[in-house]
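So this one's structure_21.pdb, PDB, C-alpha atoms and all ligand atoms:
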```pdb
ATOM      1  CA  MET W   1      24.668  32.777  71.461
ATOM      2  CA  TYR W   2      24.895  36.042  69.516
ATOM      3  CA  ALA W   3      23.073  39.245  70.396
ATOM      4  CA  LEU W   4      22.706  42.793  69.119
ATOM      5  CA  VAL W   5      23.520  45.769  71.357
ATOM      6  CA  TYR W   6      20.549  48.144  71.742
ATOM      7  CA  LYS W   7      21.855  50.386  74.472
ATOM      8  CA  SER W   8      25.129  51.037  76.216
ATOM      9  CA  THR W   9      25.628  52.984  79.418
ATOM     10  CA  GLY W  10      29.353  52.361  79.604
ATOM     11  CA  SER W  11      29.360  49.428  81.987
ATOM     12  CA  TRP W  12      25.987  47.806  81.344
ATOM     13  CA  TYR W  13      24.573  46.884  77.969
ATOM     14  CA  THR W  14      21.075  46.089  76.843
ATOM     15  CA  VAL W  15      21.308  43.387  74.202
ATOM     16  CA  LYS W  16      18.724  41.439  72.229
ATOM     17  CA  THR W  17      19.074  37.809  71.230
ATOM     18  CA  GLU W  18      17.609  36.392  68.018
ATOM     19  CA  ASP W  19      14.493  35.184  69.830
ATOM     20  CA  GLY W  20      13.680  38.819  70.608
ATOM     21  CA  LYS W  21      14.552  38.591  74.294
ATOM     22  CA  LEU W  22      16.311  41.536  75.975
ATOM     23  CA  TRP W  23      19.167  40.997  78.430
ATOM     24  CA  ASN W  24      21.255  43.168  80.687
ATOM     25  CA  ALA W  25      24.831  42.218  80.068
ATOM     26  CA  ARG W  26      28.290  43.120  81.268
ATOM     27  CA  THR W  27      31.626  42.573  79.597
ATOM     28  CA  LYS W  28      33.967  39.911  80.750
ATOM     29  CA  GLY W  29      37.697  40.529  80.639
ATOM     30  CA  ILE W  30      39.232  42.929  78.148
ATOM     31  CA  LEU W  31      37.767  42.894  74.668
ATOM     32  CA  LYS W  32      40.327  43.917  72.096
ATOM     33  CA  ILE W  33      38.946  45.582  69.014
ATOM     34  CA  ASP W  34      41.076  46.106  65.934
ATOM     35  CA  GLY W  35      43.470  48.764  67.130
ATOM     36  CA  ILE W  36      40.936  51.515  67.891
ATOM     37  CA  THR W  37      41.581  53.656  70.930
ATOM     38  CA  SER W  38      38.152  54.385  72.234
ATOM     39  CA  THR W  39      36.599  55.166  75.562
ATOM     40  CA  ASN W  40      33.937  52.535  75.013
ATOM     41  CA  PRO W  41      34.737  49.036  73.771
ATOM     42  CA  ILE W  42      31.180  48.187  72.729
ATOM     43  CA  ALA W  43      28.638  50.392  71.018
ATOM     44  CA  VAL W  44      25.011  50.320  69.962
ATOM     45  CA  GLY W  45      24.667  48.216  66.827
ATOM     46  CA  ASP W  46      27.525  45.876  67.715
ATOM     47  CA  ARG W  47      26.977  42.149  67.362
ATOM     48  CA  VAL W  48      28.348  40.386  70.418
ATOM     49  CA  LYS W  49      28.758  36.914  71.783
ATOM     50  CA  LEU W  50      26.781  36.256  74.927
ATOM     51  CA  GLU W  51      27.536  33.677  77.604
ATOM     52  CA  PHE W  52      25.723  32.961  80.827
ATOM     53  CA  GLU W  53      27.452  32.452  84.126
ATOM     54  CA  ASP W  54      26.199  29.368  85.913
ATOM     55  CA  GLY W  55      23.967  28.810  82.893
ATOM     56  CA  GLY W  56      21.350  30.964  84.615
ATOM     57  CA  GLU W  57      19.332  33.952  83.490
ATOM     58  CA  GLU W  58      21.424  36.192  85.713
ATOM     59  CA  GLY W  59      24.884  37.262  84.755
ATOM     60  CA  ALA W  60      24.763  37.541  80.979
ATOM     61  CA  MET W  61      28.311  38.205  79.854
ATOM     62  CA  ILE W  62      29.617  39.661  76.602
ATOM     63  CA  THR W  63      32.675  37.599  75.751
ATOM     64  CA  ASP W  64      33.369  38.578  72.167
ATOM     65  CA  ILE W  65      32.503  41.137  69.535
ATOM     66  CA  LYS W  66      32.032  40.555  65.830
ATOM     67  CA  LYS W  67      33.992  42.573  63.320
ATOM     68  CA  ARG W  68      32.178  45.824  62.510
ATOM     69  CA  ASN W  69      31.121  46.696  58.967
ATOM     70  CA  ASN W  70      31.540  50.335  59.938
ATOM     71  CA  TYR W  71      31.183  52.670  62.896
ATOM     72  CA  ILE W  72      30.845  56.341  63.570
ATOM     73  CA  ASN W  73      32.627  58.137  66.372
ATOM     74  CA  ARG W  74      33.289  61.487  67.909
ATOM     75  CA  GLN W  75      36.102  62.972  69.862
ATOM     76  CA  SER W  76      35.910  62.373  73.572
ATOM     77  CA  PRO W  77      35.106  65.722  75.240
ATOM     78  CA  ALA W  78      37.703  64.971  77.931
ATOM     79  CA  ASN W  79      40.607  63.879  75.758
ATOM     80  CA  LYS W  80      41.063  64.795  72.122
ATOM     81  CA  TYR W  81      43.158  61.720  71.425
ATOM     82  CA  GLN W  82      40.400  59.403  72.584
ATOM     83  CA  HIS W  83      37.398  58.578  70.485
ATOM     84  CA  HIS W  84      33.948  57.621  71.578
ATOM     85  CA  ILE W  85      32.141  55.236  69.266
ATOM     86  CA  ILE W  86      28.563  56.355  68.804
ATOM     87  CA  ALA W  87      27.196  53.418  66.832
ATOM     88  CA  ALA W  88      28.293  50.501  64.678
ATOM     89  CA  ASN W  89      27.025  48.544  61.652
ATOM     90  CA  LEU W  90      24.936  51.282  60.099
ATOM     91  CA  ASP W  91      23.294  51.167  56.680
ATOM     92  CA  GLN W  92      22.738  54.913  56.475
ATOM     93  CA  SER W  93      22.311  58.036  58.526
ATOM     94  CA  MET W  94      19.520  60.544  58.518
ATOM     95  CA  LEU W  95      20.052  64.150  59.475
ATOM     96  CA  VAL W  96      16.950  65.848  60.792
ATOM     97  CA  ALA W  97      17.245  69.550  60.010
ATOM     98  CA  THR W  98      14.885  72.528  60.029
ATOM     99  CA  LEU W  99      14.634  75.845  58.193
ATOM    100  CA  LYS W 100      12.728  77.485  61.031
ATOM    101  CA  ASP W 101      12.457  77.226  64.843
ATOM    102  CA  PRO W 102      15.421  76.568  64.964
ATOM    103  CA  LYS W 103      17.197  76.951  61.619
ATOM    104  CA  THR W 104      19.936  74.407  60.955
ATOM    105  CA  SER W 105      22.962  76.081  59.406
ATOM    106  CA  GLN W 106      24.323  74.876  56.103
ATOM    107  CA  GLY W 107      27.750  74.506  57.706
ATOM    108  CA  PHE W 108      26.337  72.011  60.178
ATOM    109  CA  ILE W 109      24.657  70.035  57.389
ATOM    110  CA  ASP W 110      27.862  69.991  55.335
ATOM    111  CA  ARG W 111      29.928  68.785  58.287
ATOM    112  CA  PHE W 112      27.445  65.989  58.809
ATOM    113  CA  LEU W 113      27.696  65.010  55.131
ATOM    114  CA  ILE W 114      31.503  65.044  55.300
ATOM    115  CA  ALA W 115      31.400  62.688  58.288
ATOM    116  CA  GLY W 116      29.120  60.374  56.298
ATOM    117  CA  GLU W 117      31.523  60.420  53.343
ATOM    118  CA  ALA W 118      34.498  59.763  55.619
ATOM    119  CA  TYR W 119      32.789  56.789  57.269
ATOM    120  CA  HIS W 120      31.279  55.523  53.998
ATOM    121  CA  ILE W 121      27.775  55.801  55.399
ATOM    122  CA  PRO W 122      25.149  57.210  52.997
ATOM    123  CA  SER W 123      23.375  60.338  54.281
ATOM    124  CA  ILE W 124      19.792  61.507  53.891
ATOM    125  CA  ILE W 125      18.666  65.011  54.864
ATOM    126  CA  VAL W 126      15.142  65.434  56.224
ATOM    127  CA  PHE W 127      13.849  68.959  56.756
ATOM    128  CA  ASN W 128      11.168  68.871  59.446
ATOM    129  CA  LYS W 129       8.534  71.420  60.517
ATOM    130  CA  SER W 130       7.354  72.119  56.970
ATOM    131  CA  ASP W 131       4.055  73.251  58.536
ATOM    132  CA  LEU W 132       5.913  76.403  59.638
ATOM    133  CA  TYR W 133       7.404  77.183  56.230
ATOM    134  CA  ARG W 134       6.177  80.222  54.328
ATOM    135  CA  LYS W 135       7.383  81.378  50.919
ATOM    136  CA  LYS W 136      10.844  82.314  52.166
ATOM    137  CA  GLU W 137      11.495  78.908  53.719
ATOM    138  CA  LEU W 138       9.873  77.007  50.856
ATOM    139  CA  ASP W 139      12.121  78.804  48.363
ATOM    140  CA  LEU W 140      15.146  78.044  50.497
ATOM    141  CA  PHE W 141      14.087  74.408  50.769
ATOM    142  CA  ALA W 142      13.800  74.153  46.961
ATOM    143  CA  GLU W 143      17.262  75.682  46.624
ATOM    144  CA  ARG W 144      18.823  73.340  49.190
ATOM    145  CA  ARG W 145      17.148  70.314  47.698
ATOM    146  CA  GLU W 146      18.444  71.167  44.246
ATOM    147  CA  MET W 147      21.928  71.761  45.628
ATOM    148  CA  TYR W 148      22.149  68.512  47.598
ATOM    149  CA  GLU W 149      20.328  66.243  45.171
ATOM    150  CA  THR W 150      22.618  67.337  42.336
ATOM    151  CA  ILE W 151      25.545  65.898  44.280
ATOM    152  CA  GLY W 152      23.771  62.698  45.243
ATOM    153  CA  TYR W 153      22.014  63.203  48.576
ATOM    154  CA  LYS W 154      18.331  62.502  49.078
ATOM    155  CA  VAL W 155      16.445  65.482  50.557
ATOM    156  CA  LEU W 156      12.931  65.381  52.030
ATOM    157  CA  ASN W 157      10.495  67.878  53.460
ATOM    158  CA  ILE W 158       8.245  66.666  56.274
ATOM    159  CA  SER W 159       6.085  67.773  59.147
ATOM    160  CA  VAL W 160       5.911  65.409  62.094
ATOM    161  CA  GLN W 161       3.200  67.609  63.551
ATOM    162  CA  ASN W 162       0.943  67.468  60.476
ATOM    163  CA  LYS W 163       2.116  63.967  59.556
ATOM    164  CA  THR W 164       3.076  64.976  56.029
ATOM    165  CA  GLY W 165       5.897  63.308  54.138
ATOM    166  CA  MET W 166       6.174  60.509  56.708
ATOM    167  CA  GLU W 167       5.538  57.663  54.221
ATOM    168  CA  GLU W 168       8.443  58.815  52.125
ATOM    169  CA  VAL W 169      10.771  58.689  55.137
ATOM    170  CA  GLU W 170       9.428  55.286  56.126
ATOM    171  CA  ALA W 171      10.088  53.963  52.645
ATOM    172  CA  LEU W 172      13.735  55.007  53.010
ATOM    173  CA  LEU W 173      14.042  53.358  56.419
ATOM    174  CA  GLN W 174      12.657  50.026  55.274
ATOM    175  CA  ASN W 175      14.931  46.998  55.895
ATOM    176  CA  LYS W 176      17.756  49.212  57.134
ATOM    177  CA  THR W 177      19.523  50.336  60.291
ATOM    178  CA  THR W 178      19.578  54.120  60.297
ATOM    179  CA  LEU W 179      21.406  56.528  62.557
ATOM    180  CA  PHE W 180      19.249  59.492  63.460
ATOM    181  CA  SER W 181      20.865  62.793  64.320
ATOM    182  CA  GLY W 182      20.409  66.526  64.280
ATOM    183  CA  HIS W 183      20.457  69.554  66.546
ATOM    184  CA  SER W 184      18.334  69.745  69.645
ATOM    185  CA  GLY W 185      14.845  71.018  68.940
ATOM    186  CA  VAL W 186      14.508  69.837  65.336
ATOM    187  CA  GLY W 187      11.974  67.128  66.222
ATOM    188  CA  LYS W 188      13.948  63.872  66.461
ATOM    189  CA  SER W 189      12.120  62.640  69.556
ATOM    190  CA  SER W 190       8.771  63.699  68.108
ATOM    191  CA  PHE W 191       9.569  61.796  64.923
ATOM    192  CA  ILE W 192      10.566  58.643  66.806
ATOM    193  CA  ASN W 193       7.393  58.844  68.898
ATOM    194  CA  ALA W 194       5.399  59.084  65.687
ATOM    195  CA  ILE W 195       6.912  56.028  64.016
ATOM    196  CA  VAL W 196       8.006  53.641  66.771
ATOM    197  CA  PRO W 197       5.075  51.695  68.193
ATOM    198  CA  GLY W 198       4.529  52.445  71.876
ATOM    199  CA  MET W 199       7.245  55.116  72.182
ATOM    200  CA  SER W 200       6.902  58.145  74.406
ATOM    201  CA  LEU W 201      10.251  59.916  74.434
ATOM    202  CA  LYS W 202      10.277  63.267  76.167
ATOM    203  CA  THR W 203      10.061  66.160  73.712
ATOM    204  CA  GLN W 204      11.145  69.629  74.560
ATOM    205  CA  ASP W 205       9.830  73.088  74.239
ATOM    206  CA  VAL W 206      12.141  74.990  71.885
ATOM    207  CA  SER W 207      11.323  78.386  73.360
ATOM    208  CA  GLY W 208      13.332  77.841  76.535
ATOM    209  CA  TRP W 209      16.239  76.232  74.836
ATOM    210  CA  SER W 210      19.520  78.113  74.486
ATOM    211  CA  GLY W 211      21.041  75.760  71.939
ATOM    212  CA  LYS W 212      24.651  76.253  72.941
ATOM    213  CA  GLY W 213      26.925  74.715  75.498
ATOM    214  CA  ILE W 214      24.742  71.826  76.494
ATOM    215  CA  HIS W 215      26.850  68.791  77.281
ATOM    216  CA  THR W 216      24.353  66.097  77.970
ATOM    217  CA  THR W 217      25.945  62.695  78.314
ATOM    218  CA  THR W 218      22.948  60.683  77.282
ATOM    219  CA  PHE W 219      23.624  57.481  75.409
ATOM    220  CA  ALA W 220      22.620  56.304  71.981
ATOM    221  CA  GLU W 221      19.769  53.807  71.852
ATOM    222  CA  MET W 222      18.401  51.569  69.122
ATOM    223  CA  PHE W 223      14.693  50.983  68.460
ATOM    224  CA  ASP W 224      12.916  48.424  66.311
ATOM    225  CA  LEU W 225      10.426  49.355  63.609
ATOM    226  CA  PRO W 226       8.842  45.915  63.187
ATOM    227  CA  ALA W 227       6.426  46.942  60.424
ATOM    228  CA  LEU W 228       9.342  48.206  58.332
ATOM    229  CA  HIS W 229      11.807  45.453  59.312
ATOM    230  CA  ALA W 230      14.021  48.333  60.284
ATOM    231  CA  ARG W 231      15.940  49.803  63.188
ATOM    232  CA  ILE W 232      16.752  53.349  64.086
ATOM    233  CA  ILE W 233      19.446  54.621  66.399
ATOM    234  CA  HIS W 234      18.606  57.690  68.421
ATOM    235  CA  THR W 235      21.534  59.875  69.466
ATOM    236  CA  PRO W 236      20.310  62.414  72.010
ATOM    237  CA  GLY W 237      22.823  65.049  72.986
ATOM    238  CA  ILE W 238      25.236  64.339  70.181
ATOM    239  CA  ARG W 239      25.535  67.538  68.271
ATOM    240  CA  GLU W 240      28.363  66.945  65.899
ATOM    241  CA  PHE W 241      30.618  64.188  64.728
ATOM    242  CA  GLY W 242      34.330  64.774  64.895
ATOM    243  CA  LEU W 243      36.086  65.679  61.686
ATOM    244  CA  VAL W 244      39.266  65.400  63.693
ATOM    245  CA  ASP W 245      40.990  62.860  61.528
ATOM    246  CA  ILE W 246      40.622  64.702  58.247
ATOM    247  CA  PRO W 247      43.814  66.461  57.093
ATOM    248  CA  ARG W 248      43.294  69.712  55.162
ATOM    249  CA  GLN W 249      44.684  68.082  52.044
ATOM    250  CA  GLU W 250      41.938  65.455  52.061
ATOM    251  CA  LEU W 251      38.911  67.603  52.840
ATOM    252  CA  SER W 252      37.867  67.972  49.194
ATOM    253  CA  HIS W 253      37.743  64.163  48.859
ATOM    254  CA  TYR W 254      34.655  64.267  51.062
ATOM    255  CA  PHE W 255      32.803  66.707  48.815
ATOM    256  CA  PRO W 256      31.458  64.418  46.046
ATOM    257  CA  GLU W 257      31.267  67.269  43.531
ATOM    258  CA  MET W 258      34.936  68.078  44.179
ATOM    259  CA  ARG W 259      36.171  64.508  44.405
ATOM    260  CA  SER W 260      35.081  63.832  40.825
ATOM    261  CA  ARG W 261      37.038  66.849  39.542
ATOM    262  CA  LEU W 262      40.292  66.662  41.494
ATOM    263  CA  ASN W 263      42.204  65.138  38.594
ATOM    264  CA  GLY W 264      41.722  68.372  36.693
ATOM    265  CA  CYS W 265      43.756  70.494  39.126
ATOM    266  CA  GLN W 266      47.222  71.454  37.932
ATOM    267  CA  PHE W 267      48.845  70.632  41.293
ATOM    268  CA  ASN W 268      48.066  67.409  43.029
ATOM    269  CA  ASN W 269      48.365  69.068  46.445
ATOM    270  CA  CYS W 270      45.912  71.797  45.411
ATOM    271  CA  LEU W 271      43.772  73.102  48.290
ATOM    272  CA  HIS W 272      41.507  74.884  45.766
ATOM    273  CA  ILE W 273      42.035  78.319  47.310
ATOM    274  CA  ASN W 274      44.682  80.378  45.460
ATOM    275  CA  GLU W 275      46.443  77.833  43.310
ATOM    276  CA  PRO W 276      46.670  78.370  39.542
ATOM    277  CA  GLY W 277      44.995  75.871  37.228
ATOM    278  CA  CYS W 278      42.426  74.779  39.844
ATOM    279  CA  ALA W 279      39.601  72.681  38.387
ATOM    280  CA  ILE W 280      37.437  73.231  41.464
ATOM    281  CA  LYS W 281      37.547  77.013  41.217
ATOM    282  CA  ARG W 282      36.861  76.762  37.479
ATOM    283  CA  ALA W 283      33.787  74.640  38.213
ATOM    284  CA  VAL W 284      32.566  77.128  40.834
ATOM    285  CA  GLU W 285      32.969  79.992  38.355
ATOM    286  CA  ALA W 286      31.127  78.015  35.685
ATOM    287  CA  GLY W 287      28.270  77.365  38.126
ATOM    288  CA  GLU W 288      28.881  73.613  38.102
ATOM    289  CA  ILE W 289      29.756  73.576  41.802
ATOM    290  CA  SER W 290      27.483  75.490  44.140
ATOM    291  CA  MET W 291      29.042  78.672  45.526
ATOM    292  CA  ASP W 292      27.437  77.933  48.916
ATOM    293  CA  ARG W 293      29.111  74.535  49.068
ATOM    294  CA  TYR W 294      32.443  76.051  48.058
ATOM    295  CA  VAL W 295      32.138  78.688  50.804
ATOM    296  CA  SER W 296      31.350  75.884  53.245
ATOM    297  CA  TYR W 297      34.474  74.063  52.065
ATOM    298  CA  CYS W 298      36.616  77.165  52.670
ATOM    299  CA  MET W 299      35.188  77.687  56.176
ATOM    300  CA  ILE W 300      35.717  74.073  57.181
ATOM    301  CA  LEU W 301      39.221  74.090  55.690
ATOM    302  CA  GLY W 302      39.973  77.143  57.850
ATOM    303  CA  SER W 303      38.697  75.449  60.985
ATOM    304  CA  ILE W 304      40.869  72.388  60.352
ATOM    305  CA  GLY W 305      43.875  74.690  59.978
ATOM    306  CA  GLU W 306      43.344  75.943  63.508
ATOM    307  CA  LYS W 307      43.651  72.413  64.796
ATOM    308  CA  GLU W 308      47.334  72.240  63.859
ATOM    309  CA  TYR W 309      47.331  70.205  60.691
TER     310      TYR W 309
HETATM  311  N1  LIG W 401       5.668  73.127  64.220
HETATM  312  C1  LIG W 401       6.240  71.948  64.394
HETATM  313  N2  LIG W 401       6.817  71.662  65.577
HETATM  314  C2  LIG W 401       7.383  70.442  65.724
HETATM  315  C3  LIG W 401       7.397  69.478  64.694
HETATM  316  N3  LIG W 401       8.060  68.394  65.138
HETATM  317  C4  LIG W 401       8.444  68.668  66.410
HETATM  318  N4  LIG W 401       8.028  69.897  66.772
HETATM  319  C5  LIG W 401       8.242  70.573  68.076
HETATM  320  O1  LIG W 401       9.620  70.933  68.213
HETATM  321  C6  LIG W 401      10.021  70.860  69.579
HETATM  322  C7  LIG W 401      11.261  69.995  69.718
HETATM  323  O2  LIG W 401      10.923  68.639  69.372
HETATM  324  P1  LIG W 401      11.751  67.392  69.910
HETATM  325  O3  LIG W 401      11.126  66.188  69.315
HETATM  326  O4  LIG W 401      11.898  67.434  71.382
HETATM  327  O5  LIG W 401      13.180  67.678  69.224
HETATM  328  P2  LIG W 401      14.573  66.937  69.454
HETATM  329  O6  LIG W 401      15.374  67.788  70.384
HETATM  330  O7  LIG W 401      15.223  66.887  68.091
HETATM  331  O8  LIG W 401      14.302  65.572  69.996
HETATM  332  C8  LIG W 401       8.805  70.321  70.345
HETATM  333  O9  LIG W 401       8.143  71.421  70.930
HETATM  334  C9  LIG W 401       7.957  69.672  69.270
HETATM  335  O10 LIG W 401       6.606  69.665  69.590
HETATM  336  C10 LIG W 401       6.750  69.810  63.436
HETATM  337  O11 LIG W 401       6.699  69.043  62.457
HETATM  338  N5  LIG W 401       6.210  71.054  63.360
HETATM  339 MG    MG W 402      14.978  64.710  71.764
HETATM  340 ZN    ZN W 403      42.218  72.743  42.899
END
```

Written as structure tokens, that's how I'd like the structure from this file.
Amino acid sequence: MYALVYKSTGSWYTVKTEDGKLWNARTKGILKIDGITSTNPIAVGDRVKLEFEDGGEEGAMITDIKKRNNYINRQSPANKYQHHIIAANLDQSMLVATLKDPKTSQGFIDRFLIAGEAYHIPSIIVFNKSDLYRKKELDLFAERREMYETIGYKVLNISVQNKTGMEEVEALLQNKTTLFSGHSGVGKSSFINAIVPGMSLKTQDVSGWSGKGIHTTTFAEMFDLPALHARIIHTPGIREFGLVDIPRQELSHYFPEMRSRLNGCQFNNCLHINEPGCAIKRAVEAGEISMDRYVSYCMILGSIGEKEY
């Protein structure tokens, strides 16, 4: 019998069989998965084979795992050579961001988009808390939307509190499995409570929240949206995906607006910083590539340099 993994705590898994029944399952033996060194063999979104010891309802065992279409991981906090798989078999990922209380930095958004490009998982950016936006934030939203939509990302403006823009998000979730992420305090739990029938995740007061240095080890969990034939994966406590495997030379491949212009650079190992005949810098000067995105590129390139590439 095959089942889908909805939650993983490391040793126990909550899985759902096709009849909609939930089981607590453990793994049996060592499951080998195509050469990945990871701290967790099975992740939310995995399709697994389930067997029952003694044929009873007790002792559901995961005995095999189906090949993943894709997966997204992060560096293990304890060991930089070990990866922790956050979720598998995703159709897309949605970044919940805000322009106020708290403001999500552009660098954070760009890193998220790079991870999506690297894992071949389409990204959508949803700015929440639009009820708090005044002219300054609305202008910034218009600017960001223009910048990201030009290079192929969908950008939405919503307010979970006022329930505006929710239908548009729901339309994008329909028939898909979507990874949900974003900084603490942006309204992920509030959003999930608003769209998942019967949910009451704890939401937090932003005022007492420091925002830095929190290392919660809460686990990803998948929820069904039956009306939309969709699933969402909630990732509490996961602040950033690792860009650890991206060499400096390849970073521009994960900026769609750069990727399409790389052939124009005079040197094929061009980092688009000081090299002569650089098509990327020409495009920035001509206003065809956003200066903000280029600055983001330079900052991220610098941070990769520090990690000994
Ligand atoms: N003004 C406003 N506050 C919101 C909105 N959505 C969520 N919040 C508040 O933002 C805070 C953090 O929300 P929460 O869902 O816990 O964020 P999470 O950390 O991303 O899960 C809570 O106090 C929510 O009530 C919104 O659309 N507008
Ligand atoms: Mg939350
Ligand atoms: Zn170049």

7 Å contact set for stretch 116-127 of chain W, all atoms listed in the file, chain neighbours under 2 positions out, as a compact mmCIF listing (two decimals) with C-alpha atoms, keeping the file's coordinate frame:
```
# COMPACT_ATOMS: atom_id res chain seq x y z
CA ILE W 72 30.84 56.34 63.57
CA ASP W 91 23.29 51.17 56.68
CA GLN W 92 22.74 54.91 56.48
CA SER W 93 22.31 58.04 58.53
CA MET W 94 19.52 60.54 58.52
CA LEU W 95 20.05 64.15 59.48
CA VAL W 96 16.95 65.85 60.79
CA ALA W 97 17.24 69.55 60.01
CA THR W 98 14.88 72.53 60.03
CA PHE W 112 27.44 65.99 58.81
CA LEU W 113 27.70 65.01 55.13
CA ILE W 114 31.50 65.04 55.30
CA LYS W 129 8.53 71.42 60.52
CA TYR W 153 22.01 63.20 48.58
CA LYS W 154 18.33 62.50 49.08
CA VAL W 155 16.44 65.48 50.56
CA LEU W 156 12.93 65.38 52.03
CA ASN W 157 10.50 67.88 53.46
CA ILE W 158 8.24 66.67 56.27
CA TYR W 254 34.66 64.27 51.06
```

Near W:Thr177, counting all atoms listed in the file, which residues have an atom at most 10 Å away, once you skip same-chain residues fewer than 5 positions from it, shown as a JSON list (two decimals) with C-alpha atoms, in the coordinates of the input?
```
[["chain", "number", "residue", "atom", "x", "y", "z"],
["W", 45, "GLY", "CA", 24.67, 48.22, 66.83],
["W", 88, "ALA", "CA", 28.29, 50.50, 64.68],
["W", 89, "ASN", "CA", 27.02, 48.54, 61.65],
["W", 90, "LEU", "CA", 24.94, 51.28, 60.10],
["W", 91, "ASP", "CA", 23.29, 51.17, 56.68],
["W", 92, "GLN", "CA", 22.74, 54.91, 56.48],
["W", 93, "SER", "CA", 22.31, 58.04, 58.53],
["W", 222, "MET", "CA", 18.40, 51.57, 69.12],
["W", 223, "PHE", "CA", 14.69, 50.98, 68.46],
["W", 224, "ASP", "CA", 12.92, 48.42, 66.31],
["W", 225, "LEU", "CA", 10.43, 49.36, 63.61],
["W", 229, "HIS", "CA", 11.81, 45.45, 59.31],
["W", 230, "ALA", "CA", 14.02, 48.33, 60.28],
["W", 231, "ARG", "CA", 15.94, 49.80, 63.19],
["W", 232, "ILE", "CA", 16.75, 53.35, 64.09],
["W", 233, "ILE", "CA", 19.45, 54.62, 66.40]]
```

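Shortest atom-to-atom contact with W:Ala220 among W:Leu179, W:Leu271, W:Met147, W:Ile246: W:Leu179, counting all atoms listed in the file.
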
- [ ] Could you expand the PyMOL selection byres (((not hetatm)) within 7 of (chain W and resi 402)) into the explicit residues it covers here, written as a PyMOL selection string?
- [x] chain W and resi 184-185+187-189+202-204+236

Each chain W residue no farther than 12 Å from ligand ZN 403 (chain W), nearest pair in Å, only C-alpha atoms and all ligand atoms, as JSON lines:
```
{"residue": "W:Gln249", "atom": "CA", "partner": "W:ZN403", "partner_atom": "ZN", "distance": 10.6}
{"residue": "W:Glu250", "atom": "CA", "partner": "W:ZN403", "partner_atom": "ZN", "distance": 11.7}
{"residue": "W:Leu251", "atom": "CA", "partner": "W:ZN403", "partner_atom": "ZN", "distance": 11.7}
{"residue": "W:Ser252", "atom": "CA", "partner": "W:ZN403", "partner_atom": "ZN", "distance": 9.0}
{"residue": "W:His253", "atom": "CA", "partner": "W:ZN403", "partner_atom": "ZN", "distance": 11.4}
{"residue": "W:Met258", "atom": "CA", "partner": "W:ZN403", "partner_atom": "ZN", "distance": 8.7}
{"residue": "W:Arg259", "atom": "CA", "partner": "W:ZN403", "partner_atom": "ZN", "distance": 10.3}
{"residue": "W:Ser260", "atom": "CA", "partner": "W:ZN403", "partner_atom": "ZN", "distance": 11.6}
{"residue": "W:Arg261", "atom": "CA", "partner": "W:ZN403", "partner_atom": "ZN", "distance": 8.5}
{"residue": "W:Leu262", "atom": "CA", "partner": "W:ZN403", "partner_atom": "ZN", "distance": 6.5}
{"residue": "W:Asn263", "atom": "CA", "partner": "W:ZN403", "partner_atom": "ZN", "distance": 8.7}
{"residue": "W:Gly264", "atom": "CA", "partner": "W:ZN403", "partner_atom": "ZN", "distance": 7.6}
{"residue": "W:Cys265", "atom": "CA", "partner": "W:ZN403", "partner_atom": "ZN", "distance": 4.7}
{"residue": "W:Gln266", "atom": "CA", "partner": "W:ZN403", "partner_atom": "ZN", "distance": 7.2}
{"residue": "W:Phe267", "atom": "CA", "partner": "W:ZN403", "partner_atom": "ZN", "distance": 7.1}
{"residue": "W:Asn268", "atom": "CA", "partner": "W:ZN403", "partner_atom": "ZN", "distance": 7.9}
{"residue": "W:Asn269", "atom": "CA", "partner": "W:ZN403", "partner_atom": "ZN", "distance": 8.0}
{"residue": "W:Cys270", "atom": "CA", "partner": "W:ZN403", "partner_atom": "ZN", "distance": 4.6}
{"residue": "W:Leu271", "atom": "CA", "partner": "W:ZN403", "partner_atom": "ZN", "distance": 5.6}
{"residue": "W:His272", "atom": "CA", "partner": "W:ZN403", "partner_atom": "ZN", "distance": 3.6}
{"residue": "W:Ile273", "atom": "CA", "partner": "W:ZN403", "partner_atom": "ZN", "distance": 7.1}
{"residue": "W:Asn274", "atom": "CA", "partner": "W:ZN403", "partner_atom": "ZN", "distance": 8.4}
{"residue": "W:Glu275", "atom": "CA", "partner": "W:ZN403", "partner_atom": "ZN", "distance": 6.6}
{"residue": "W:Pro276", "atom": "CA", "partner": "W:ZN403", "partner_atom": "ZN", "distance": 7.9}
{"residue": "W:Gly277", "atom": "CA", "partner": "W:ZN403", "partner_atom": "ZN", "distance": 7.0}
{"residue": "W:Cys278", "atom": "CA", "partner": "W:ZN403", "partner_atom": "ZN", "distance": 3.7}
{"residue": "W:Ala279", "atom": "CA", "partner": "W:ZN403", "partner_atom": "ZN", "distance": 5.2}
{"residue": "W:Ile280", "atom": "CA", "partner": "W:ZN403", "partner_atom": "ZN", "distance": 5.0}
{"residue": "W:Lys281", "atom": "CA", "partner": "W:ZN403", "partner_atom": "ZN", "distance": 6.5}
{"residue": "W:Arg282", "atom": "CA", "partner": "W:ZN403", "partner_atom": "ZN", "distance": 8.6}
{"residue": "W:Ala283", "atom": "CA", "partner": "W:ZN403", "partner_atom": "ZN", "distance": 9.8}
{"residue": "W:Val284", "atom": "CA", "partner": "W:ZN403", "partner_atom": "ZN", "distance": 10.8}
{"residue": "W:Tyr294", "atom": "CA", "partner": "W:ZN403", "partner_atom": "ZN", "distance": 11.5}
```

Open item on the list: Which residues, named as in the file, does the PyMOL selection byres (((chain W and resi 3) around 6) and not hetatm) pick out? Answer as an MDAnalysis selection string.
Closed with: chainID W and resid 2 4 15:17 47:48

Can I get the selection written as an mmCIF file, keeping the file's coordinate frame, with C-alpha atoms?
```cif
data_model
loop_
_atom_site.group_PDB
_atom_site.id
_atom_site.type_symbol
_atom_site.label_atom_id
_atom_site.label_comp_id
_atom_site.auth_asym_id
_atom_site.auth_seq_id
_atom_site.Cartn_x
_atom_site.Cartn_y
_atom_site.Cartn_z
ATOM 1 C CA TYR W 2 24.895 36.042 69.516
ATOM 2 C CA LEU W 4 22.706 42.793 69.119
ATOM 3 C CA VAL W 15 21.308 43.387 74.202
ATOM 4 C CA LYS W 16 18.724 41.439 72.229
ATOM 5 C CA THR W 17 19.074 37.809 71.230
ATOM 6 C CA ARG W 47 26.977 42.149 67.362
ATOM 7 C CA VAL W 48 28.348 40.386 70.418
#
```
